[in-house]
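Novice: Have a peek at upload-v3.tsv (TSV, C-alpha atoms).
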chain	number	residue	atom	x	y	z
A	214	ASP	CA	-12.50	-47.54	111.94
A	215	ASN	CA	-13.90	-45.11	109.35
A	216	ALA	CA	-16.82	-44.71	106.97
A	217	SER	CA	-15.41	-47.12	104.39
A	218	TRP	CA	-14.04	-49.78	106.75
A	219	TRP	CA	-16.93	-52.25	106.87
A	220	PRO	CA	-18.14	-51.66	103.29
A	221	PHE	CA	-14.57	-52.34	102.12
A	222	ASN	CA	-14.42	-55.47	104.29
A	223	LEU	CA	-17.63	-56.76	102.71
A	224	HIS	CA	-16.47	-55.89	99.19
A	225	ARG	CA	-13.05	-57.45	99.69
A	226	PHE	CA	-14.45	-60.60	101.30
A	227	LEU	CA	-16.79	-61.23	98.39
A	228	GLY	CA	-14.02	-60.33	95.94
A	229	ASN	CA	-11.67	-62.84	97.57
A	230	VAL	CA	-14.31	-65.59	97.41
A	231	THR	CA	-14.87	-64.78	93.72
A	232	PHE	CA	-11.13	-64.78	93.07
A	233	GLY	CA	-10.61	-68.04	94.95
A	234	GLY	CA	-13.36	-69.83	93.04
A	235	PHE	CA	-12.04	-68.69	89.69
A	236	VAL	CA	-8.45	-69.67	90.53
A	237	VAL	CA	-9.65	-73.17	91.48
A	238	ALA	CA	-11.41	-73.30	88.10
A	239	LEU	CA	-8.20	-72.09	86.42
A	240	PHE	CA	-6.17	-74.91	87.97
A	241	ALA	CA	-8.84	-77.45	87.04
A	242	ALA	CA	-8.90	-76.19	83.45
A	243	PHE	CA	-5.13	-76.53	83.14
A	244	MET	CA	-5.21	-80.04	84.57
A	245	PHE	CA	-8.13	-81.02	82.33
A	246	LEU	CA	-6.28	-79.91	79.21
A	247	THR	CA	-3.09	-81.75	80.20
A	248	SER	CA	-4.67	-84.96	81.54
A	249	LYS	CA	-4.55	-88.10	79.41
A	250	LYS	CA	-6.89	-90.36	81.41
A	251	ASP	CA	-10.67	-90.11	81.13
A	252	GLU	CA	-11.13	-90.44	84.90
A	253	ASP	CA	-8.73	-87.54	85.50
A	254	ARG	CA	-10.57	-85.35	82.98
A	255	ALA	CA	-13.86	-86.26	84.64
A	256	PHE	CA	-12.55	-85.17	88.04
A	257	TYR	CA	-11.08	-81.89	86.77
A	258	ASP	CA	-14.24	-81.18	84.79
A	259	TRP	CA	-16.20	-81.47	88.05
A	260	MET	CA	-13.59	-79.39	89.90
A	261	GLY	CA	-13.76	-76.62	87.30
A	262	TYR	CA	-17.55	-76.57	87.48
A	263	ILE	CA	-17.52	-76.24	91.29
A	264	GLY	CA	-14.83	-73.54	91.23
A	265	ASN	CA	-16.74	-71.54	88.65
A	266	LEU	CA	-19.97	-72.00	90.62
A	267	ILE	CA	-18.33	-70.56	93.75
A	268	GLY	CA	-16.82	-67.68	91.79
A	269	VAL	CA	-20.05	-66.76	90.01
A	270	GLY	CA	-22.09	-67.14	93.21
A	271	ALA	CA	-19.93	-64.51	94.90
A	272	LEU	CA	-19.65	-62.38	91.74
A	273	ILE	CA	-23.43	-61.96	91.61
A	274	THR	CA	-23.35	-60.24	95.01
A	275	MET	CA	-20.50	-57.87	94.12
A	276	PRO	CA	-22.65	-55.13	92.50
A	277	LEU	CA	-24.69	-54.88	95.71
A	278	ALA	CA	-21.51	-54.67	97.81
A	279	GLY	CA	-20.18	-51.98	95.47
A	280	TYR	CA	-23.42	-50.03	95.80
A	281	ILE	CA	-23.22	-50.19	99.61
A	282	LEU	CA	-19.61	-48.95	99.51
A	283	SER	CA	-20.43	-46.09	97.13
A	284	LYS	CA	-23.43	-45.06	99.21
A	285	GLU	CA	-21.33	-44.93	102.38
A	286	LEU	CA	-18.75	-42.76	100.60
A	287	PHE	CA	-21.50	-40.42	99.38
A	288	ILE	CA	-22.83	-40.09	102.93
A	289	TYR	CA	-19.34	-39.49	104.33
A	290	ASP	CA	-18.13	-36.98	101.72
A	291	ALA	CA	-19.93	-36.30	98.45
A	292	GLN	CA	-16.69	-34.93	96.97
A	293	LEU	CA	-15.11	-38.39	97.12
A	294	ALA	CA	-18.02	-40.06	95.37
A	295	THR	CA	-18.27	-37.32	92.75
A	296	PHE	CA	-14.54	-37.61	92.03
A	297	MET	CA	-15.01	-41.35	91.51
A	298	MET	CA	-18.23	-41.52	89.53
A	299	ALA	CA	-18.41	-38.23	87.62
A	300	ASP	CA	-14.94	-36.69	87.53
A	301	LYS	CA	-11.45	-37.98	86.75
A	302	LEU	CA	-12.18	-41.59	87.69
A	303	SER	CA	-15.42	-41.94	85.74
A	304	GLY	CA	-13.57	-43.56	82.84
A	305	TYR	CA	-12.25	-46.20	85.23
A	306	PHE	CA	-15.81	-47.21	86.05
A	307	VAL	CA	-16.67	-47.51	82.37
A	308	MET	CA	-13.71	-49.90	82.08
A	309	GLN	CA	-14.84	-51.68	85.22
A	310	GLY	CA	-18.31	-52.17	83.76
A	311	LEU	CA	-16.82	-53.65	80.58
A	312	LEU	CA	-14.69	-56.11	82.56
A	313	VAL	CA	-17.59	-57.21	84.77
A	314	VAL	CA	-19.75	-57.77	81.69
A	315	LEU	CA	-16.97	-59.94	80.23
A	316	LEU	CA	-16.96	-61.98	83.45
A	317	PHE	CA	-20.70	-62.59	83.27
A	318	LEU	CA	-20.56	-63.39	79.55
A	319	GLY	CA	-17.75	-65.85	80.17
A	320	ALA	CA	-19.56	-67.48	83.09
A	321	ASN	CA	-22.78	-67.88	81.12
A	322	PHE	CA	-20.95	-69.18	78.05
A	323	TYR	CA	-19.21	-71.78	80.21
A	324	MET	CA	-22.53	-72.90	81.65
A	325	TRP	CA	-24.02	-73.32	78.19
A	326	LEU	CA	-21.01	-75.37	77.14
A	327	SER	CA	-21.53	-77.40	80.32
A	328	MET	CA	-24.90	-78.51	78.96
A	329	GLN	CA	-22.93	-80.81	76.64
A	330	ARG	CA	-22.06	-83.10	79.52
A	331	ILE	CA	-25.76	-83.74	80.28
A	332	GLU	CA	-27.77	-86.23	78.25
A	333	GLY	CA	-30.81	-84.69	76.55
A	334	ALA	CA	-29.82	-81.09	77.38
A	335	ALA	CA	-29.77	-80.02	73.73
A	336	ARG	CA	-33.43	-79.00	74.01
A	337	PHE	CA	-32.40	-76.00	76.12
A	338	ALA	CA	-30.06	-74.62	73.44
A	339	PRO	CA	-32.69	-72.31	71.81
A	340	HIS	CA	-32.83	-70.27	75.04
A	341	MET	CA	-29.15	-69.37	74.65
A	342	LYS	CA	-29.67	-66.67	72.01
A	343	ALA	CA	-32.29	-64.79	74.02
A	344	ILE	CA	-30.23	-64.89	77.22
A	345	PHE	CA	-27.07	-63.66	75.51
A	346	ALA	CA	-29.04	-60.92	73.75
A	347	VAL	CA	-30.15	-59.61	77.16
A	348	LEU	CA	-26.60	-59.94	78.53
A	349	LEU	CA	-25.14	-57.96	75.63
A	350	ALA	CA	-27.86	-55.29	75.81
A	351	GLY	CA	-27.32	-54.92	79.55
A	352	GLY	CA	-23.57	-54.72	79.00
A	353	VAL	CA	-23.95	-51.94	76.44
A	354	VAL	CA	-26.12	-49.91	78.82
A	355	TRP	CA	-23.64	-50.48	81.65
A	356	VAL	CA	-20.66	-49.07	79.73
A	357	VAL	CA	-22.42	-46.09	78.10
A	358	PRO	CA	-20.98	-42.91	79.73
A	359	GLN	CA	-23.05	-39.80	80.35
A	360	ASN	CA	-20.51	-37.76	78.41
A	361	PHE	CA	-17.05	-38.09	76.93
A	362	PHE	CA	-15.24	-35.39	78.93
A	363	PRO	CA	-12.18	-36.58	80.90
A	364	ASP	CA	-13.28	-34.62	83.99
A	365	LEU	CA	-15.81	-32.06	85.18
A	366	LEU	CA	-13.66	-29.04	84.25
A	367	ALA	CA	-12.55	-30.16	80.80
A	368	LYS	CA	-13.49	-28.08	77.78
A	369	PRO	CA	-14.20	-29.41	74.28
A	370	PRO	CA	-11.15	-29.41	72.01
A	371	ALA	CA	-10.93	-26.84	69.24
A	372	GLY	CA	-13.43	-27.44	66.50
A	373	VAL	CA	-15.62	-29.76	68.58
A	374	SER	CA	-18.91	-28.61	70.06
A	375	GLU	CA	-19.92	-29.50	73.61
A	376	GLN	CA	-23.04	-31.26	72.36
A	377	ALA	CA	-20.88	-33.64	70.34
A	378	LEU	CA	-19.38	-34.98	73.59
A	379	ILE	CA	-22.69	-35.44	75.41
A	380	LEU	CA	-25.26	-38.16	74.85
A	381	PRO	CA	-28.22	-37.01	72.74
A	382	GLU	CA	-31.26	-36.14	74.83
A	383	ARG	CA	-33.20	-39.21	73.68
A	384	PHE	CA	-30.38	-41.45	74.93
A	385	ALA	CA	-29.51	-39.46	78.07
A	386	PHE	CA	-31.31	-41.99	80.28
A	387	LEU	CA	-28.69	-44.61	79.38
A	388	GLY	CA	-26.01	-42.58	81.15
A	389	LEU	CA	-27.88	-42.43	84.46
A	390	MET	CA	-27.29	-44.81	87.37
A	391	VAL	CA	-30.94	-45.89	87.24
A	392	ALA	CA	-30.43	-47.36	83.78
A	393	LYS	CA	-27.18	-49.01	84.82
A	394	ALA	CA	-28.81	-50.51	87.93
A	395	LEU	CA	-31.54	-51.98	85.72
A	396	ALA	CA	-28.90	-53.34	83.33
A	397	VAL	CA	-26.96	-54.99	86.17
A	398	THR	CA	-30.19	-56.48	87.53
A	399	ALA	CA	-31.05	-57.91	84.10
A	400	ILE	CA	-27.56	-59.43	83.76
A	401	ILE	CA	-27.80	-61.06	87.21
A	402	ILE	CA	-31.31	-62.40	86.50
A	403	MET	CA	-30.18	-63.91	83.20
A	404	THR	CA	-27.27	-65.57	84.98
A	405	PHE	CA	-29.73	-67.07	87.47
A	406	VAL	CA	-31.86	-68.29	84.55
A	407	THR	CA	-28.83	-69.98	83.00
A	408	TYR	CA	-28.12	-71.88	86.21
A	409	LEU	CA	-31.80	-72.77	86.63
A	410	LEU	CA	-31.87	-74.23	83.12
A	411	TYR	CA	-28.69	-76.18	83.87
A	412	ARG	CA	-30.29	-77.48	87.07
A	413	ARG	CA	-33.42	-78.45	85.13
A	414	ALA	CA	-31.32	-80.30	82.57
A	415	ARG	CA	-29.35	-82.04	85.30
A	416	ALA	CA	-32.56	-83.25	86.94
A	417	THR	CA	-33.78	-84.92	83.75
A	418	GLY	CA	-30.55	-86.26	82.26
A	419	ARG	CA	-27.40	-88.10	83.34
A	420	ILE	CA	-24.20	-86.09	83.79
A	421	LEU	CA	-21.17	-87.40	81.91
A	422	TRP	CA	-18.24	-85.67	83.64
A	423	GLY	CA	-15.37	-85.11	81.26
A	424	GLY	CA	-17.60	-85.00	78.20
A	425	ILE	CA	-17.44	-81.23	77.83
A	426	ASP	CA	-16.02	-79.27	74.90
A	427	PRO	CA	-12.32	-78.40	75.56
A	428	MET	CA	-13.20	-74.81	74.60
A	429	SER	CA	-14.90	-74.53	78.00
A	430	GLN	CA	-11.53	-74.90	79.71
A	431	TYR	CA	-10.14	-71.93	77.83
A	432	VAL	CA	-13.17	-69.97	79.06
A	433	LEU	CA	-12.22	-70.98	82.61
A	434	ILE	CA	-8.74	-69.57	81.95
A	435	PHE	CA	-10.14	-66.37	80.43
A	436	ILE	CA	-12.45	-65.65	83.39
A	437	PRO	CA	-9.75	-65.50	86.14
A	438	ALA	CA	-7.51	-63.47	83.82
A	439	VAL	CA	-10.25	-60.84	83.55
A	440	ALA	CA	-10.96	-61.12	87.29
A	441	VAL	CA	-7.32	-60.46	88.25
A	442	TYR	CA	-7.14	-57.51	85.87
A	443	LEU	CA	-10.39	-56.14	87.31
A	444	MET	CA	-9.10	-56.47	90.87
A	445	GLY	CA	-5.99	-54.52	89.93
A	446	LEU	CA	-8.03	-51.78	88.27
A	447	MET	CA	-10.32	-51.49	91.29
A	448	GLY	CA	-7.24	-51.23	93.49
A	449	ALA	CA	-6.10	-48.26	91.40
A	450	ILE	CA	-9.52	-46.64	91.87
A	451	ARG	CA	-9.33	-47.17	95.63
A	452	SER	CA	-5.90	-45.54	95.84
A	453	LEU	CA	-6.64	-42.65	93.47
A	454	THR	CA	-9.91	-41.80	95.23
A	455	ARG	CA	-7.87	-40.32	98.09
A	456	MET	CA	-6.75	-37.62	95.65
A	457	ASP	CA	-3.86	-35.62	97.17
A	458	TYR	CA	-4.06	-37.28	100.59
A	459	HIS	CA	-2.16	-40.17	102.12
A	460	ILE	CA	-4.98	-40.42	104.67
A	461	TYR	CA	-8.04	-38.58	103.38
A	462	GLY	CA	-8.74	-35.43	105.35
A	463	ALA	CA	-5.80	-35.97	107.71
A	464	VAL	CA	-2.39	-36.36	106.01
A	465	LYS	CA	-2.00	-34.42	102.76
A	466	ASP	CA	0.49	-35.38	100.04
A	467	VAL	CA	2.46	-32.18	99.42
A	468	THR	CA	5.09	-33.73	97.14
A	469	PRO	CA	5.25	-32.78	93.44
A	470	TYR	CA	4.81	-36.44	92.52
A	471	TRP	CA	1.12	-36.69	93.34
A	472	TYR	CA	-1.19	-36.84	90.37
A	473	THR	CA	-4.25	-38.74	89.18
A	474	ALA	CA	-2.98	-41.37	86.76
A	475	THR	CA	-4.76	-41.57	83.44
A	476	LEU	CA	-6.83	-44.63	82.60
A	477	GLY	CA	-4.35	-45.55	79.87
A	478	HIS	CA	-1.37	-45.47	82.25
A	479	SER	CA	-3.19	-47.42	84.97
A	480	SER	CA	-4.45	-49.99	82.45
A	481	ILE	CA	-0.92	-50.71	81.25
A	482	MET	CA	0.45	-51.02	84.79
A	483	VAL	CA	-2.40	-53.32	85.84
A	484	ALA	CA	-1.85	-55.42	82.70
A	485	ILE	CA	1.83	-55.82	83.63
A	486	ALA	CA	0.86	-56.85	87.18
A	487	THR	CA	-1.65	-59.37	85.77
A	488	VAL	CA	0.97	-60.93	83.49
A	489	VAL	CA	3.46	-61.15	86.39
A	490	PHE	CA	0.79	-62.80	88.56
A	491	PHE	CA	0.08	-65.47	85.97
A	492	LEU	CA	3.79	-66.07	85.42
A	493	LEU	CA	4.10	-66.71	89.16
A	494	VAL	CA	1.09	-69.04	89.05
A	495	ALA	CA	2.66	-70.90	86.11
A	496	PHE	CA	5.90	-71.20	88.09
A	497	VAL	CA	4.03	-72.65	91.07
A	498	PHE	CA	2.29	-75.17	88.79
A	499	TRP	CA	5.64	-76.10	87.23
A	500	VAL	CA	7.29	-76.62	90.63
A	501	GLY	CA	4.36	-78.77	91.72
A	502	PHE	CA	4.64	-80.97	88.64
A	503	VAL	CA	8.42	-81.33	89.04
A	504	ILE	CA	8.06	-82.34	92.70
A	505	GLY	CA	5.23	-84.71	91.80
A	506	LYS	CA	7.35	-86.48	89.18
A	507	THR	CA	10.29	-86.67	91.61
A	508	ASP	CA	8.11	-88.36	94.25
A	509	GLU	CA	6.92	-90.90	91.69
Could you quickly redo this structure as structure tokens?
Specialist:
Amino acid sequence: DNASWWPFNLHRFLGNVTFGGFVVALFAAFMFLTSKKDEDRAFYDWMGYIGNLIGVGALITMPLAGYILSKELFIYDAQLATFMMADKLSGYFVMQGLLVVLLFLGANFYMWLSMQRIEGAARFAPHMKAIFAVLLAGGVVWVVPQNFFPDLLAKPPAGVSEQALILPERFAFLGLMVAKALAVTAIIIMTFVTYLLYRRARATGRILWGGIDPMSQYVLIFIPAVAVYLMGLMGAIRSLTRMDYHIYGAVKDVTPYWYTATLGHSSIMVAIATVVFFLLVAFVFWVGFVIGKTDE
């Protein structure tokens, strides 16, 4: 047991629920797109909706779990948290913010496309622009860094002033955690509003499962792809936070091979892992279809 044990357990549990829901939606989307019978498409449309609902329900709680984990690390050793949030790993969190925003945008877009399967739901369409405007504004605030230095000790390159790499004073608030917390809160609230509007539409109109735009299924494929990539990137952050320790504060890495990987290097490696994962998933789907045809 250590300072990060239970916060990590909470974060991983919610992450696994999110991942599981999105993978169910991924399978349903694939089956929807390949099904030829209306009753099959109706079932996989319902399955994709439920999987996405589970994934988004857990995703909404992830920022809170991340805050709890970060707070525990700050209490345990401020050097760890500073290294993550303000030093060499700060760029990773900008990337993380971008990916999470893409997840929320995808989830909300899917829900708005889902309105098509409900009779009389077209009257809620005008709300879409306002909700997505808030989502985009919150996303911009979330990914705005406080400065553009790679770490705390970096100096401006030749010919570039320090002020050119720091947010102007009138925009400095956007780089603070207070602004980002407000942005995350706004994104979560707008996601709740989207689901409330869907619920309102469902209460007043009949649901026609299978009558959704096929584009929605590609959104359900996009969301788990981003989720898997995000999980890989967060795994890199977790490993690199230990800095030059195998076990932080106990077993030091004295080999010449220890270094903090750049965001570019980690992004490429995580992308390769994501592609390999989806190739394995495709192989599993293929084996399942082959066995299914053999049994028939």
Novice: Could you please determine the separation between CA of Ala371 in chain A and CA of Lys301 in chain A in Å, to one decimal place?
Specialist: 20.8 Å
Novice: Quick one: everything within 12 Å of Asp290 in chain A, counting only C-alpha atoms, minus sequence neighbours fewer than 2 positions away in the same chain. Send it as a count of residues only.
Specialist: 19
Novice: Suppose you want the space between CA of Phe235 in chain A and CA of Phe502 in chain A; what is it in Å?
Specialist: 20.7 Å
Novice: Report as JSON lines the residues of range 232-292 of chain A within 10 Å of range 425-430 of chain A, each with its shortest atom pair and distance in Å (one decimal), using all atoms listed in the file, ordered by chain and increasing residue number.
Specialist:
{"residue": "A:Ala238", "atom": "CA", "partner": "A:Gln430", "partner_atom": "CA", "distance": 8.5}
{"residue": "A:Leu239", "atom": "CA", "partner": "A:Gln430", "partner_atom": "CA", "distance": 8.0}
{"residue": "A:Phe240", "atom": "CA", "partner": "A:Gln430", "partner_atom": "CA", "distance": 9.8}
{"residue": "A:Ala241", "atom": "CA", "partner": "A:Gln430", "partner_atom": "CA", "distance": 8.2}
{"residue": "A:Ala242", "atom": "CA", "partner": "A:Gln430", "partner_atom": "CA", "distance": 4.8}
{"residue": "A:Phe243", "atom": "CA", "partner": "A:Gln430", "partner_atom": "CA", "distance": 7.4}
{"residue": "A:Met244", "atom": "CA", "partner": "A:Gln430", "partner_atom": "CA", "distance": 9.5}
{"residue": "A:Phe245", "atom": "CA", "partner": "A:Gln430", "partner_atom": "CA", "distance": 7.5}
{"residue": "A:Leu246", "atom": "CA", "partner": "A:Pro427", "partner_atom": "CA", "distance": 7.2}
{"residue": "A:Arg254", "atom": "CA", "partner": "A:Ile425", "partner_atom": "CA", "distance": 9.5}
{"residue": "A:Ala255", "atom": "CA", "partner": "A:Ile425", "partner_atom": "CA", "distance": 9.2}
{"residue": "A:Tyr257", "atom": "CA", "partner": "A:Gln430", "partner_atom": "CA", "distance": 9.9}
{"residue": "A:Asp258", "atom": "CA", "partner": "A:Ile425", "partner_atom": "CA", "distance": 7.7}
{"residue": "A:Gly261", "atom": "CA", "partner": "A:Gln430", "partner_atom": "CA", "distance": 8.1}
{"residue": "A:Tyr262", "atom": "CA", "partner": "A:Gln430", "partner_atom": "CA", "distance": 10.0}
Novice: Between CA of Phe490 in chain A and CA of Phe226 in chain A, what is the distance in Å, rounded to a tenth?
Specialist: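 Here the two named atoms are 20.0 Å from each other.
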Novice: Would you list the contacts of Thr274 in chain A as number ranges by chain, taking every protein, DNA or RNA residue within 8 Å and counting all atoms listed in the file, but skipping same-chain residues closer than 4 positions in sequence?
Specialist: A: 227, 270, 278
Novice: So that I have them on file, write out the residues from the current selection with C-alpha atoms, as a PDB file, keeping the file's coordinate frame.
Specialist:
ATOM      1  CA  LEU A 227     -16.790 -61.230  98.390  1.00  0.00           C
ATOM      2  CA  GLY A 270     -22.090 -67.140  93.210  1.00  0.00           C
ATOM      3  CA  ALA A 278     -21.510 -54.670  97.810  1.00  0.00           C
TER       4      ALA A 278
END
Novice: Measuring atom to atom with only C-alpha atoms, identify which of A:Val432, A:Val314, A:Ala440, A:Leu395 is nearest to Phe345 in chain A.
Specialist: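 The answer is A:Val314, which sits nearest to Phe345 in chain A.
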Novice: Excluding Val356 in chain A and any residue of its chain fewer than 4 positions from it, enumerate the residues within 9 Å of it, using all atoms listed in the file, and give them as a ChimeraX atom specification.
Specialist: /A:306-311,314,351-352,388,393
Novice: Given 4 Å of margin on each side, can you work out the centre and size in Å (one decimal) of an axis-aligned box holding every listed atom of range 372-385 of chain A, as AutoDock Vina command-line options?
Specialist:
--center_x -23.3 --center_y -34.4 --center_z 72.3 --size_x 27.8 --size_y 22.0 --size_z 19.6
Novice: Looking at A:Val500, A:Leu446, A:Leu421, A:Leu380, which one is nearest to Glu252 in chain A, with distances taken over all atoms listed in the file?
Specialist: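 Of all the options, A:Leu421 lies closest to Glu252 in chain A.
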Novice: With a distance cut-off of 8 Å and all atoms listed in the file, select the neighbouring residues of range 321-338 of chain A, excluding the residue or stretch itself and same-chain residues fewer than 6 positions from it, and output the selection as an mmCIF file with C-alpha atoms, keeping the file's coordinate frame.
Specialist:
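Produced file result-v6.cif, reproduced below:
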data_model
loop_
_atom_site.group_PDB
_atom_site.id
_atom_site.type_symbol
_atom_site.label_atom_id
_atom_site.label_comp_id
_atom_site.auth_asym_id
_atom_site.auth_seq_id
_atom_site.Cartn_x
_atom_site.Cartn_y
_atom_site.Cartn_z
ATOM 1 C CA THR A 404 -27.270 -65.570 84.980
ATOM 2 C CA THR A 407 -28.830 -69.980 83.000
ATOM 3 C CA TYR A 408 -28.120 -71.880 86.210
ATOM 4 C CA LEU A 410 -31.870 -74.230 83.120
ATOM 5 C CA TYR A 411 -28.690 -76.180 83.870
ATOM 6 C CA ALA A 414 -31.320 -80.300 82.570
ATOM 7 C CA ARG A 415 -29.350 -82.040 85.300
ATOM 8 C CA THR A 417 -33.780 -84.920 83.750
ATOM 9 C CA GLY A 418 -30.550 -86.260 82.260
ATOM 10 C CA ARG A 419 -27.400 -88.100 83.340
ATOM 11 C CA ILE A 420 -24.200 -86.090 83.790
ATOM 12 C CA LEU A 421 -21.170 -87.400 81.910
ATOM 13 C CA TRP A 422 -18.240 -85.670 83.640
ATOM 14 C CA GLY A 423 -15.370 -85.110 81.260
ATOM 15 C CA GLY A 424 -17.600 -85.000 78.200
ATOM 16 C CA ILE A 425 -17.440 -81.230 77.830
ATOM 17 C CA ASP A 426 -16.020 -79.270 74.900
ATOM 18 C CA SER A 429 -14.900 -74.530 78.000
ATOM 19 C CA VAL A 432 -13.170 -69.970 79.060
ATOM 20 C CA LEU A 433 -12.220 -70.980 82.610
#
Novice: Which residue gives the smallest distance to Ile401 in chain A among A:Ile281, A:Val494, A:Ile481, A:Leu316, with only C-alpha atoms counted?
Specialist: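 Smallest distance to Ile401 in chain A is found for A:Leu316.
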Novice: When distances are computed from only C-alpha atoms, which of A:Leu387, A:Ile460, A:Val489, A:Leu302 shows the smallest separation from Leu476 in chain A?
Specialist: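 Closest to Leu476 in chain A of all the choices is A:Leu302.
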Novice: Considering all atoms listed in the file, state which residue in the set A:Val503, A:Met444, A:Leu282, A:Met260 is at the smallest distance from Trp218 in chain A.
Specialist: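 Checking each candidate against Trp218 in chain A, we get A:Leu282 as the closest.
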Novice: Dig up all the protein and nucleic acid residues within 6 Å of (-4.3, -34.8, 98.5) in the file frame, using all atoms listed in the file, and format them as a VMD selection string.
Specialist: chain A and resid 456 to 458 465 to 466
Novice: Could the residues in this selection be saved with C-alpha atoms as a PDB file, in the frame of the given file?
Specialist:
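Generated output (again.pdb):
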ATOM      1  CA  MET A 456      -6.750 -37.620  95.650  1.00  0.00           C
ATOM      2  CA  ASP A 457      -3.860 -35.620  97.170  1.00  0.00           C
ATOM      3  CA  TYR A 458      -4.060 -37.280 100.590  1.00  0.00           C
ATOM      4  CA  LYS A 465      -2.000 -34.420 102.760  1.00  0.00           C
ATOM      5  CA  ASP A 466       0.490 -35.380 100.040  1.00  0.00           C
TER       6      ASP A 466
END
